[in-house]
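Note: the block below is query.cif and it holds mmCIF, C-alpha atoms and all ligand atoms.
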data_model
loop_
_atom_site.group_PDB
_atom_site.id
_atom_site.type_symbol
_atom_site.label_atom_id
_atom_site.label_comp_id
_atom_site.auth_asym_id
_atom_site.auth_seq_id
_atom_site.Cartn_x
_atom_site.Cartn_y
_atom_site.Cartn_z
ATOM 1 C CA MET A 1 87.274 119.094 56.753
ATOM 2 C CA LYS A 2 84.968 116.310 57.912
ATOM 3 C CA ILE A 3 83.785 114.143 55.046
ATOM 4 C CA SER A 4 81.037 111.534 55.265
ATOM 5 C CA ILE A 5 81.273 108.773 52.656
ATOM 6 C CA GLY A 6 79.161 105.821 51.591
ATOM 7 C CA ALA A 7 78.883 103.462 48.644
ATOM 8 C CA ASP A 8 77.024 100.386 47.495
ATOM 9 C CA HIS A 9 78.660 97.310 45.971
ATOM 10 C CA GLY A 10 79.136 99.244 42.704
ATOM 11 C CA GLY A 11 81.294 101.817 44.458
ATOM 12 C CA PHE A 12 83.097 100.232 47.399
ATOM 13 C CA GLU A 13 86.458 99.876 45.619
ATOM 14 C CA LEU A 14 86.518 103.517 44.559
ATOM 15 C CA LYS A 15 85.388 104.473 48.059
ATOM 16 C CA ALA A 16 88.440 102.760 49.592
ATOM 17 C CA GLU A 17 90.744 104.694 47.256
ATOM 18 C CA LEU A 18 89.039 107.996 48.075
ATOM 19 C CA ILE A 19 89.165 107.399 51.830
ATOM 20 C CA SER A 20 92.961 106.956 51.658
ATOM 21 C CA PHE A 21 93.218 110.024 49.442
ATOM 22 C CA LEU A 22 91.089 112.146 51.777
ATOM 23 C CA LYS A 23 93.001 111.052 54.897
ATOM 24 C CA ASN A 24 96.356 111.680 53.203
ATOM 25 C CA SER A 25 95.069 115.153 52.308
ATOM 26 C CA GLY A 26 94.378 115.892 55.976
ATOM 27 C CA HIS A 27 90.606 115.374 56.092
ATOM 28 C CA SER A 28 88.750 113.288 58.639
ATOM 29 C CA VAL A 29 86.385 110.664 57.256
ATOM 30 C CA ILE A 30 83.181 109.021 58.488
ATOM 31 C CA ASP A 31 82.870 105.754 56.536
ATOM 32 C CA HIS A 32 79.388 104.229 56.316
ATOM 33 C CA GLY A 33 80.426 101.259 54.144
ATOM 34 C CA THR A 34 79.774 99.084 52.259
ATOM 35 C CA ASN A 35 83.081 97.260 52.159
ATOM 36 C CA SER A 36 82.511 94.270 49.909
ATOM 37 C CA ALA A 37 80.994 93.209 46.600
ATOM 38 C CA ASP A 38 77.963 91.706 48.369
ATOM 39 C CA SER A 39 74.796 93.268 47.000
ATOM 40 C CA VAL A 40 73.319 96.066 49.131
ATOM 41 C CA ASP A 41 70.765 98.865 48.621
ATOM 42 C CA TYR A 42 72.152 102.292 47.724
ATOM 43 C CA PRO A 43 69.350 104.303 49.446
ATOM 44 C CA ASP A 44 70.628 103.095 52.832
ATOM 45 C CA TYR A 45 74.029 104.714 52.222
ATOM 46 C CA ALA A 46 72.516 107.880 50.799
ATOM 47 C CA LYS A 47 70.437 108.212 53.967
ATOM 48 C CA SER A 48 73.419 107.791 56.337
ATOM 49 C CA VAL A 49 75.525 110.381 54.532
ATOM 50 C CA ALA A 50 72.601 112.812 54.147
ATOM 51 C CA HIS A 51 71.964 112.642 57.898
ATOM 52 C CA ASP A 52 75.621 113.388 58.642
ATOM 53 C CA ILE A 53 75.376 116.567 56.552
ATOM 54 C CA LEU A 54 72.006 117.694 57.890
ATOM 55 C CA GLU A 55 72.996 117.009 61.520
ATOM 56 C CA LYS A 56 76.338 118.777 60.975
ATOM 57 C CA ARG A 57 78.565 115.797 61.737
ATOM 58 C CA ALA A 58 80.206 116.369 58.348
ATOM 59 C CA ASP A 59 80.938 119.337 56.086
ATOM 60 C CA PHE A 60 80.528 117.432 52.823
ATOM 61 C CA GLY A 61 79.481 114.002 51.615
ATOM 62 C CA VAL A 62 80.697 111.550 48.991
ATOM 63 C CA LEU A 63 78.328 108.908 47.607
ATOM 64 C CA ILE A 64 79.202 106.212 45.087
ATOM 65 C CA CYS A 65 77.091 103.581 43.358
ATOM 66 C CA GLY A 66 77.615 101.885 40.008
ATOM 67 C CA SER A 67 76.451 104.824 37.923
ATOM 68 C CA GLY A 68 76.079 107.479 40.621
ATOM 69 C CA ILE A 69 72.494 107.961 39.465
ATOM 70 C CA GLY A 70 70.501 105.982 42.008
ATOM 71 C CA ILE A 71 72.466 107.163 45.018
ATOM 72 C CA SER A 72 72.210 110.832 43.962
ATOM 73 C CA ILE A 73 68.453 110.517 43.405
ATOM 74 C CA ALA A 74 68.073 108.954 46.849
ATOM 75 C CA ALA A 75 70.181 111.619 48.591
ATOM 76 C CA ASN A 76 68.255 114.442 46.936
ATOM 77 C CA ARG A 77 65.013 113.250 48.593
ATOM 78 C CA PHE A 78 66.304 114.840 51.826
ATOM 79 C CA ALA A 79 65.484 118.540 52.168
ATOM 80 C CA GLY A 80 68.695 120.512 52.477
ATOM 81 C CA ILE A 81 70.726 117.984 50.519
ATOM 82 C CA ARG A 82 72.096 119.040 47.159
ATOM 83 C CA ALA A 83 73.819 115.994 45.694
ATOM 84 C CA ALA A 84 75.558 116.512 42.361
ATOM 85 C CA LEU A 85 76.418 113.630 40.065
ATOM 86 C CA VAL A 86 79.820 114.607 38.717
ATOM 87 C CA THR A 87 81.134 113.118 35.477
ATOM 88 C CA ARG A 88 83.494 115.863 34.361
ATOM 89 C CA LYS A 89 85.715 118.474 35.995
ATOM 90 C CA GLU A 90 83.451 121.381 35.112
ATOM 91 C CA TYR A 91 80.550 119.758 36.963
ATOM 92 C CA ALA A 92 82.640 119.463 40.120
ATOM 93 C CA ILE A 93 83.365 123.201 39.972
ATOM 94 C CA LEU A 94 79.902 124.392 38.880
ATOM 95 C CA SER A 95 78.057 122.235 41.375
ATOM 96 C CA ARG A 96 79.851 124.172 44.110
ATOM 97 C CA GLN A 97 79.943 127.646 42.515
ATOM 98 C CA HIS A 98 76.313 127.759 41.385
ATOM 99 C CA ASN A 99 74.452 125.043 43.302
ATOM 100 C CA ASN A 100 76.250 124.976 46.654
ATOM 101 C CA ALA A 101 76.223 121.174 46.406
ATOM 102 C CA ASN A 102 76.962 119.443 49.693
ATOM 103 C CA ILE A 103 77.379 115.910 48.338
ATOM 104 C CA ILE A 104 79.383 114.728 45.348
ATOM 105 C CA ALA A 105 77.994 111.578 43.741
ATOM 106 C CA LEU A 106 80.205 109.404 41.556
ATOM 107 C CA GLY A 107 79.714 106.366 39.346
ATOM 108 C CA GLY A 108 82.113 103.698 40.536
ATOM 109 C CA ARG A 109 81.828 101.743 37.302
ATOM 110 C CA PHE A 110 82.419 104.735 35.032
ATOM 111 C CA THR A 111 84.950 106.892 36.900
ATOM 112 C CA THR A 112 88.666 106.146 37.173
ATOM 113 C CA VAL A 113 90.436 106.615 40.484
ATOM 114 C CA GLU A 114 92.435 109.526 39.072
ATOM 115 C CA GLU A 115 89.297 111.210 37.710
ATOM 116 C CA ALA A 116 87.521 110.755 41.027
ATOM 117 C CA LYS A 117 90.431 112.272 42.968
ATOM 118 C CA GLU A 118 90.459 115.252 40.618
ATOM 119 C CA TYR A 119 86.681 115.775 40.853
ATOM 120 C CA LEU A 120 86.790 115.471 44.630
ATOM 121 C CA THR A 121 89.678 117.916 44.981
ATOM 122 C CA LEU A 122 87.883 120.481 42.818
ATOM 123 C CA PHE A 123 84.587 119.928 44.639
ATOM 124 C CA LEU A 124 86.115 120.426 48.101
ATOM 125 C CA SER A 125 88.173 123.470 47.138
ATOM 126 C CA THR A 126 85.596 125.467 45.163
ATOM 127 C CA PRO A 127 83.490 127.990 47.115
ATOM 128 C CA PHE A 128 79.815 128.810 46.529
ATOM 129 C CA GLU A 129 79.519 132.092 44.631
ATOM 130 C CA GLY A 130 76.325 133.194 46.374
ATOM 131 C CA GLY A 131 74.878 136.353 44.820
ATOM 132 C CA ARG A 132 72.264 135.547 42.188
ATOM 133 C CA HIS A 133 72.643 131.843 42.931
ATOM 134 C CA GLU A 134 71.663 132.223 46.591
ATOM 135 C CA LYS A 135 67.948 132.777 46.021
ATOM 136 C CA ARG A 136 67.782 129.982 43.461
ATOM 137 C CA VAL A 137 69.341 127.510 45.863
ATOM 138 C CA CYS A 138 66.963 128.694 48.615
ATOM 139 C CA LYS A 139 63.976 128.091 46.316
ATOM 140 C CA ILE A 140 64.875 124.405 46.029
ATOM 141 C CA ASP A 141 63.829 123.835 49.633
ATOM 142 C CA GLU A 142 60.857 126.226 49.718
HETATM 143 C C1 LIG B 201 73.767 98.164 41.413
HETATM 144 O O1 LIG B 201 73.980 97.091 40.550
HETATM 145 C C2 LIG B 201 73.474 99.432 40.648
HETATM 146 O O2 LIG B 201 72.184 99.415 40.155
HETATM 147 C C3 LIG B 201 73.693 100.618 41.515
HETATM 148 O O3 LIG B 201 75.004 100.637 41.955
HETATM 149 C C4 LIG B 201 73.497 101.971 40.865
HETATM 150 O O4 LIG B 201 74.204 102.081 39.674
HETATM 151 C C5 LIG B 201 72.120 102.444 40.739
HETATM 152 O O5 LIG B 201 71.842 103.571 40.284
#

When written as structure tokens, how does the structure in this file appear?
Amino acid sequence: MKISIGADHGGFELKAELISFLKNSGHSVIDHGTNSADSVDYPDYAKSVAHDILEKRADFGVLICGSGIGISIAANRFAGIRAALVTRKEYAILSRQHNNANIIALGGRFTTVEEAKEYLTLFLSTPFEGGRHEKRVCKIDE
């Protein structure tokens, strides 16, 4: 799959780990930065990844800031984006099964590398259930 990824200074270290993990798992990655601890603004990275999804350059997105909160709020301002802040395994699964999430948001300061890899693996491998969830997801963008 094609994965678009972006992070602010609170998430760039976890981003580097996840890029290696994704590439080693056979995915291709579009990396929007940032790549240092210099302070940047998370909405800029949310916007780049959201555009990759909406313009079909990527199948899924990964966004990381310190808590995952700001960058998920910013991404969800774009119609058609369903960014899920994932802090436990069940959320990775349910965000795909029930919400057809197209971006996983993570908190770089509160998520270990191993947790993040597990959440990401579950997120990318879990299909949307459709059915009763389809009309609910459609209503989000109405
Ligand atoms: C940056 O210090 C921090 O505010 C940001 O990464 C994020 O946690 C915001 O929601």

Which one of A:Ala75, A:Ala58, A:Cys65, A:Ala7 sits closest to ligand LIG 201 (chain B) if you count only C-alpha atoms and all ligand atoms?
A:Cys65

Residue neighbourhood stretch 8-14 of chain A, 10 Å, all atoms listed in the file, exclusion window fewer than 2 positions, as an mmCIF file with C-alpha atoms, in the frame of the given file:
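Written output follows (part.cif):
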data_model
loop_
_atom_site.group_PDB
_atom_site.id
_atom_site.type_symbol
_atom_site.label_atom_id
_atom_site.label_comp_id
_atom_site.auth_asym_id
_atom_site.auth_seq_id
_atom_site.Cartn_x
_atom_site.Cartn_y
_atom_site.Cartn_z
ATOM 1 C CA GLY A 6 79.161 105.821 51.591
ATOM 2 C CA ALA A 16 88.440 102.760 49.592
ATOM 3 C CA GLU A 17 90.744 104.694 47.256
ATOM 4 C CA LEU A 18 89.039 107.996 48.075
ATOM 5 C CA ILE A 19 89.165 107.399 51.830
ATOM 6 C CA HIS A 32 79.388 104.229 56.316
ATOM 7 C CA GLY A 33 80.426 101.259 54.144
ATOM 8 C CA THR A 34 79.774 99.084 52.259
ATOM 9 C CA ASN A 35 83.081 97.260 52.159
ATOM 10 C CA SER A 36 82.511 94.270 49.909
ATOM 11 C CA ALA A 37 80.994 93.209 46.600
ATOM 12 C CA ASP A 38 77.963 91.706 48.369
ATOM 13 C CA SER A 39 74.796 93.268 47.000
ATOM 14 C CA VAL A 40 73.319 96.066 49.131
ATOM 15 C CA ASP A 41 70.765 98.865 48.621
ATOM 16 C CA TYR A 42 72.152 102.292 47.724
ATOM 17 C CA PRO A 43 69.350 104.303 49.446
ATOM 18 C CA ASP A 44 70.628 103.095 52.832
ATOM 19 C CA TYR A 45 74.029 104.714 52.222
ATOM 20 C CA ALA A 46 72.516 107.880 50.799
ATOM 21 C CA LEU A 63 78.328 108.908 47.607
ATOM 22 C CA ILE A 64 79.202 106.212 45.087
ATOM 23 C CA CYS A 65 77.091 103.581 43.358
ATOM 24 C CA GLY A 66 77.615 101.885 40.008
ATOM 25 C CA SER A 67 76.451 104.824 37.923
ATOM 26 C CA GLY A 68 76.079 107.479 40.621
ATOM 27 C CA ILE A 71 72.466 107.163 45.018
ATOM 28 C CA LEU A 106 80.205 109.404 41.556
ATOM 29 C CA GLY A 107 79.714 106.366 39.346
ATOM 30 C CA GLY A 108 82.113 103.698 40.536
ATOM 31 C CA ARG A 109 81.828 101.743 37.302
ATOM 32 C CA PHE A 110 82.419 104.735 35.032
ATOM 33 C CA THR A 111 84.950 106.892 36.900
ATOM 34 C CA THR A 112 88.666 106.146 37.173
ATOM 35 C CA VAL A 113 90.436 106.615 40.484
ATOM 36 C CA ALA A 116 87.521 110.755 41.027
ATOM 37 C CA LYS A 117 90.431 112.272 42.968
#

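By only C-alpha atoms, and with residues fewer than 3 positions from A:Gly131 along its chain excluded, the set lying at most 12 Å from it is Gln97, His98, Asn99, Asn100, Phe128, Glu134, Lys135, Arg136, Val137 and Cys138 of chain A.
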
Report as a VMD selection string all protein, DNA and RNA residues lying within 10 Å of A:Ala79, evaluated on all atoms listed in the file, omitting residues in the same chain fewer than 5 positions from it.
chain A and resid 50 54 140 to 142

Output as AutoDock Vina command-line options the centre and edge lengths (Å, one decimal) of the box along x, y and z of the file that holds every listed atom of ligand LIG 201 (chain B) after adding 3 Å on each side.
--center_x 73.4 --center_y 100.3 --center_z 40.8 --size_x 9.2 --size_y 12.5 --size_z 8.3

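The coordinates place atom CA of A:Ala92 at 19.3 Å from atom O4 of ligand LIG 201 (chain B).
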
Closest of A:Ile69, A:Ile104, A:Leu85, A:Leu122 to ligand LIG 201 (chain B), counting all atoms listed in the file, is A:Ile69

Can you list, as a ChimeraX atom specification, every protein, DNA or RNA residue that comes within 9 Å of A:Asp31 when you count all atoms listed in the file, leaving out same-chain residues fewer than 6 positions away?
/A:3-6,15,19,49

Dump of C-alpha atoms for the selected residues, as a short mmCIF file (atom, residue, chain, number, x, y, z; two decimals), in the coordinates of the input:
data_model
loop_
_atom_site.label_atom_id
_atom_site.label_comp_id
_atom_site.auth_asym_id
_atom_site.auth_seq_id
_atom_site.Cartn_x
_atom_site.Cartn_y
_atom_site.Cartn_z
CA ILE A 3 83.78 114.14 55.05
CA SER A 4 81.04 111.53 55.26
CA ILE A 5 81.27 108.77 52.66
CA GLY A 6 79.16 105.82 51.59
CA LYS A 15 85.39 104.47 48.06
CA ILE A 19 89.16 107.40 51.83
CA VAL A 49 75.53 110.38 54.53
#

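For the atom pair formed by atom CA of A:Ala84 and atom C4 of ligand LIG 201 (chain B), the distance is 14.8 Å, given to one decimal.
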
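With distances taken over only C-alpha atoms and all ligand atoms, A:Ile73 is the one residue among A:Lys47, A:Ile73, A:Asp52, A:Met1 lying closest to ligand LIG 201 (chain B).
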
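Reported to one decimal place, the separation of atom CA of A:Asn102 from atom CA of A:Arg88 is 17.0 Å.
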
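For the set A:Phe123, A:Ser72, A:Lys56, A:Gly80, the residue with the smallest atom-to-atom gap to ligand LIG 201 (chain B) is A:Ser72, counting only C-alpha atoms and all ligand atoms.
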
Pick out the closest residue to A:Ile53 from this set: A:Gly26, A:Arg82, A:Thr121, A:Gly130. Count only C-alpha atoms.
A:Arg82

Select, from A:Glu114, A:Ala105, A:His133, A:Leu120, the residue with the minimum atom-to-atom distance to ligand LIG 201 (chain B), counting only C-alpha atoms and all ligand atoms.
A:Ala105

N, CA, C and O atoms for stretch 51-77 of chain A, written as an mmCIF file, in the coordinates of the input, could you do that?
data_model
loop_
_atom_site.group_PDB
_atom_site.id
_atom_site.type_symbol
_atom_site.label_atom_id
_atom_site.label_comp_id
_atom_site.auth_asym_id
_atom_site.auth_seq_id
_atom_site.Cartn_x
_atom_site.Cartn_y
_atom_site.Cartn_z
ATOM 1 N N HIS A 51 72.163 112.299 56.483
ATOM 2 C CA HIS A 51 71.964 112.642 57.898
ATOM 3 C C HIS A 51 73.219 113.266 58.507
ATOM 4 O O HIS A 51 73.120 114.186 59.320
ATOM 5 N N ASP A 52 74.377 112.786 58.122
ATOM 6 C CA ASP A 52 75.621 113.388 58.642
ATOM 7 C C ASP A 52 75.729 114.854 58.243
ATOM 8 O O ASP A 52 76.176 115.683 59.029
ATOM 9 N N ILE A 53 75.324 115.166 57.011
ATOM 10 C CA ILE A 53 75.376 116.567 56.552
ATOM 11 C C ILE A 53 74.333 117.394 57.299
ATOM 12 O O ILE A 53 74.646 118.461 57.852
ATOM 13 N N LEU A 54 73.113 116.911 57.317
ATOM 14 C CA LEU A 54 72.006 117.694 57.890
ATOM 15 C C LEU A 54 72.173 117.882 59.392
ATOM 16 O O LEU A 54 71.756 118.898 59.941
ATOM 17 N N GLU A 55 72.796 116.924 60.061
ATOM 18 C CA GLU A 55 72.996 117.009 61.520
ATOM 19 C C GLU A 55 74.398 117.516 61.859
ATOM 20 O O GLU A 55 74.839 117.442 62.989
ATOM 21 N N LYS A 56 75.068 118.056 60.846
ATOM 22 C CA LYS A 56 76.338 118.777 60.975
ATOM 23 C C LYS A 56 77.477 117.935 61.577
ATOM 24 O O LYS A 56 78.372 118.445 62.222
ATOM 25 N N ARG A 57 77.423 116.630 61.356
ATOM 26 C CA ARG A 57 78.565 115.797 61.737
ATOM 27 C C ARG A 57 79.637 115.823 60.653
ATOM 28 O O ARG A 57 80.768 115.403 60.881
ATOM 29 N N ALA A 58 79.252 116.295 59.456
ATOM 30 C CA ALA A 58 80.206 116.369 58.348
ATOM 31 C C ALA A 58 79.971 117.643 57.552
ATOM 32 O O ALA A 58 78.849 118.164 57.510
ATOM 33 N N ASP A 59 81.036 118.137 56.931
ATOM 34 C CA ASP A 59 80.938 119.337 56.086
ATOM 35 C C ASP A 59 80.425 118.985 54.691
ATOM 36 O O ASP A 59 79.641 119.741 54.107
ATOM 37 N N PHE A 60 80.919 117.873 54.168
ATOM 38 C CA PHE A 60 80.528 117.432 52.823
ATOM 39 C C PHE A 60 80.378 115.906 52.812
ATOM 40 O O PHE A 60 80.902 115.211 53.691
ATOM 41 N N GLY A 61 79.670 115.431 51.771
ATOM 42 C CA GLY A 61 79.481 114.002 51.615
ATOM 43 C C GLY A 61 79.974 113.514 50.266
ATOM 44 O O GLY A 61 80.018 114.273 49.292
ATOM 45 N N VAL A 62 80.321 112.233 50.237
ATOM 46 C CA VAL A 62 80.697 111.550 48.991
ATOM 47 C C VAL A 62 79.861 110.275 48.913
ATOM 48 O O VAL A 62 79.843 109.486 49.865
ATOM 49 N N LEU A 63 79.150 110.103 47.802
ATOM 50 C CA LEU A 63 78.328 108.908 47.607
ATOM 51 C C LEU A 63 78.680 108.255 46.279
ATOM 52 O O LEU A 63 78.816 108.953 45.261
ATOM 53 N N ILE A 64 78.801 106.939 46.298
ATOM 54 C CA ILE A 64 79.202 106.212 45.087
ATOM 55 C C ILE A 64 78.317 104.976 44.916
ATOM 56 O O ILE A 64 78.178 104.174 45.844
ATOM 57 N N CYS A 65 77.711 104.858 43.751
ATOM 58 C CA CYS A 65 77.091 103.581 43.358
ATOM 59 C C CYS A 65 77.628 103.255 41.969
ATOM 60 O O CYS A 65 78.586 103.896 41.512
ATOM 61 N N GLY A 66 77.054 102.282 41.293
ATOM 62 C CA GLY A 66 77.615 101.885 40.008
ATOM 63 C C GLY A 66 77.662 103.026 39.012
ATOM 64 O O GLY A 66 78.692 103.310 38.398
ATOM 65 N N SER A 67 76.538 103.700 38.861
ATOM 66 C CA SER A 67 76.451 104.824 37.923
ATOM 67 C C SER A 67 76.507 106.179 38.603
ATOM 68 O O SER A 67 76.733 107.194 37.938
ATOM 69 N N GLY A 68 76.233 106.209 39.893
ATOM 70 C CA GLY A 68 76.079 107.479 40.621
ATOM 71 C C GLY A 68 74.662 108.023 40.544
ATOM 72 O O GLY A 68 74.321 108.972 41.258
ATOM 73 N N ILE A 69 73.844 107.422 39.695
ATOM 74 C CA ILE A 69 72.494 107.961 39.465
ATOM 75 C C ILE A 69 71.562 107.632 40.635
ATOM 76 O O ILE A 69 70.956 108.536 41.233
ATOM 77 N N GLY A 70 71.445 106.367 40.959
ATOM 78 C CA GLY A 70 70.501 105.982 42.008
ATOM 79 C C GLY A 70 70.818 106.628 43.343
ATOM 80 O O GLY A 70 69.928 107.138 44.042
ATOM 81 N N ILE A 71 72.084 106.656 43.693
ATOM 82 C CA ILE A 71 72.466 107.163 45.018
ATOM 83 C C ILE A 71 72.304 108.687 45.093
ATOM 84 O O ILE A 71 71.995 109.229 46.150
ATOM 85 N N SER A 72 72.444 109.375 43.952
ATOM 86 C CA SER A 72 72.210 110.832 43.962
ATOM 87 C C SER A 72 70.715 111.123 44.029
ATOM 88 O O SER A 72 70.289 112.041 44.744
ATOM 89 N N ILE A 73 69.910 110.344 43.320
ATOM 90 C CA ILE A 73 68.453 110.517 43.405
ATOM 91 C C ILE A 73 67.996 110.310 44.847
ATOM 92 O O ILE A 73 67.210 111.099 45.396
ATOM 93 N N ALA A 74 68.481 109.257 45.471
ATOM 94 C CA ALA A 74 68.073 108.954 46.849
ATOM 95 C C ALA A 74 68.482 110.073 47.808
ATOM 96 O O ALA A 74 67.689 110.504 48.648
ATOM 97 N N ALA A 75 69.701 110.563 47.678
ATOM 98 C CA ALA A 75 70.181 111.619 48.591
ATOM 99 C C ALA A 75 69.375 112.894 48.421
ATOM 100 O O ALA A 75 69.081 113.603 49.403
ATOM 101 N N ASN A 76 68.977 113.190 47.191
ATOM 102 C CA ASN A 76 68.255 114.442 46.936
ATOM 103 C C ASN A 76 66.815 114.416 47.425
ATOM 104 O O ASN A 76 66.128 115.445 47.358
ATOM 105 N N ARG A 77 66.343 113.301 47.955
ATOM 106 C CA ARG A 77 65.013 113.250 48.593
ATOM 107 C C ARG A 77 65.021 113.947 49.954
ATOM 108 O O ARG A 77 63.960 114.209 50.517
#
